[in-house]
Structure formats: C-alpha cells, structure tokens
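First comes the structure, then the notes that go with it.
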Amino acid sequence: MGPVLRTHWGVEDPAHATGTDEEIDAAFMTAYRILRARIEAFLALPLADLQQDKAKLKAELDRIGTLLA
C-alpha cells in the first residue's frame with residue numbers, strides 16, 4: 001500500500017464532560033460541529049490536484065485540523 005500520510009485532528013472527548021445535562025449536551029454538540037466542519041472541509045479539497053503534491057496535501061490536512069466549526 002505504500003507510505004501513509006497522517007495528520008491529527010484532536011477533538012475534546014465529550015464523554016468526559018461533566019455538569020448539567022445541558023452542559024453535557026453542549027459538549028457533544030460542540031464535538032459534532034467541529035468534526036462535521038472538518039469532514040466537510042476535507043471532502044471539499046481538490047484531491048485530484050493535491051494527490052500530486054504531498055506536502056501541500058499535508059498542509060491542507062493540518063489546516064483542517066485547526067478548524068473549530
């Protein structure tokens with residue numbers, strides 16, 4: 001399969017949230033919104049173009065990992 005390009009998209013685990021039901025629900029919604037925004041940004045990338053430039057692809061993936069929602 002060859003070398004793999006990796007990036008880290010850390011998101012705070014909402015399963016560790018404490019507080020009221022509303023605060024816990026808010027933690028899950030925040031994680032959901034962050035992940036959704038990152039996945040949508042990934043799917044919008046011009047992957048056919050970036051496939052030829054691994055450094056640019058890695059930079060784009062890292063940039064996406066900073067999106068908060």
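Labels for the structure tokens follow display order: chains A, B, ..., residues from 1 in each chain, ligands from 1.
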Quick one: residues within 12 Å of A:Phe28, only C-alpha atoms counted, chain neighbours fewer than 5 positions away excluded, as an MDAnalysis selection string? chainID A and resid 11:18 21:23 33:35
Please provide as a PyMOL selection string all residues within 10 Å of stretch 39-46 of chain A, with the sequence filter that same-chain residues fewer than 2 positions apart are discarded (counting only C-alpha atoms). chain A and resi 33-37+48-51+57+60-61+63-65+67
Hey, can you spit out that residue selection with N, CA and C atoms as a PDB file, in the first residue's frame?
```
ATOM      1  N   ARG A  33     -20.076  19.480  15.824  1.00  0.00           N
ATOM      2  CA  ARG A  33     -19.899  20.591  14.877  1.00  0.00           C
ATOM      3  C   ARG A  33     -18.462  20.681  14.380  1.00  0.00           C
ATOM      4  N   ILE A  34     -17.494  20.482  15.280  1.00  0.00           N
ATOM      5  CA  ILE A  34     -16.087  20.530  14.881  1.00  0.00           C
ATOM      6  C   ILE A  34     -15.791  19.417  13.876  1.00  0.00           C
ATOM      7  N   LEU A  35     -16.201  18.205  14.201  1.00  0.00           N
ATOM      8  CA  LEU A  35     -15.932  17.081  13.298  1.00  0.00           C
ATOM      9  C   LEU A  35     -16.636  17.259  11.954  1.00  0.00           C
ATOM     10  N   ARG A  36     -17.864  17.720  11.993  1.00  0.00           N
ATOM     11  CA  ARG A  36     -18.602  17.932  10.745  1.00  0.00           C
ATOM     12  C   ARG A  36     -17.901  18.976   9.866  1.00  0.00           C
ATOM     13  N   ALA A  37     -17.478  20.089  10.467  1.00  0.00           N
ATOM     14  CA  ALA A  37     -16.790  21.135   9.707  1.00  0.00           C
ATOM     15  C   ALA A  37     -15.502  20.603   9.090  1.00  0.00           C
ATOM     16  N   ALA A  48      -7.705  15.434  -6.411  1.00  0.00           N
ATOM     17  CA  ALA A  48      -7.005  15.045  -7.646  1.00  0.00           C
ATOM     18  C   ALA A  48      -5.773  15.924  -7.862  1.00  0.00           C
ATOM     19  N   ASP A  49      -5.889  17.213  -7.542  1.00  0.00           N
ATOM     20  CA  ASP A  49      -4.745  18.126  -7.687  1.00  0.00           C
ATOM     21  C   ASP A  49      -3.726  17.909  -6.569  1.00  0.00           C
ATOM     22  N   LEU A  50      -4.217  17.758  -5.349  1.00  0.00           N
ATOM     23  CA  LEU A  50      -3.324  17.627  -4.204  1.00  0.00           C
ATOM     24  C   LEU A  50      -2.596  16.286  -4.175  1.00  0.00           C
ATOM     25  N   GLN A  51      -3.117  15.319  -4.867  1.00  0.00           N
ATOM     26  CA  GLN A  51      -2.509  13.993  -4.924  1.00  0.00           C
ATOM     27  C   GLN A  51      -1.077  14.076  -5.446  1.00  0.00           C
ATOM     28  N   LEU A  57      -0.842  18.714   0.336  1.00  0.00           N
ATOM     29  CA  LEU A  57      -1.939  17.937   0.908  1.00  0.00           C
ATOM     30  C   LEU A  57      -1.798  17.863   2.422  1.00  0.00           C
ATOM     31  N   GLU A  60      -2.762  21.131   3.955  1.00  0.00           N
ATOM     32  CA  GLU A  60      -4.215  21.309   3.960  1.00  0.00           C
ATOM     33  C   GLU A  60      -4.869  20.476   5.052  1.00  0.00           C
ATOM     34  N   LEU A  61      -4.422  19.247   5.218  1.00  0.00           N
ATOM     35  CA  LEU A  61      -4.972  18.398   6.269  1.00  0.00           C
ATOM     36  C   LEU A  61      -4.689  18.970   7.655  1.00  0.00           C
ATOM     37  N   ARG A  63      -4.211  22.141   8.309  1.00  0.00           N
ATOM     38  CA  ARG A  63      -5.042  23.343   8.418  1.00  0.00           C
ATOM     39  C   ARG A  63      -6.467  22.961   8.828  1.00  0.00           C
ATOM     40  N   ILE A  64      -6.990  21.941   8.201  1.00  0.00           N
ATOM     41  CA  ILE A  64      -8.338  21.488   8.537  1.00  0.00           C
ATOM     42  C   ILE A  64      -8.418  21.091  10.005  1.00  0.00           C
ATOM     43  N   GLY A  65      -7.357  20.512  10.518  1.00  0.00           N
ATOM     44  CA  GLY A  65      -7.328  20.101  11.913  1.00  0.00           C
ATOM     45  C   GLY A  65      -7.414  21.248  12.902  1.00  0.00           C
ATOM     46  N   LEU A  67      -9.639  23.790  12.362  1.00  0.00           N
ATOM     47  CA  LEU A  67     -10.978  24.348  12.262  1.00  0.00           C
ATOM     48  C   LEU A  67     -11.780  24.020  13.517  1.00  0.00           C
TER      49      LEU A  67
END
```
Quick one: pick out all helix (DSSP H, G or I) residues within chain A from a backbone DSSP run and write them as a PyMOL selection string. chain A and resi 14-16+21-43+47-50+54-64
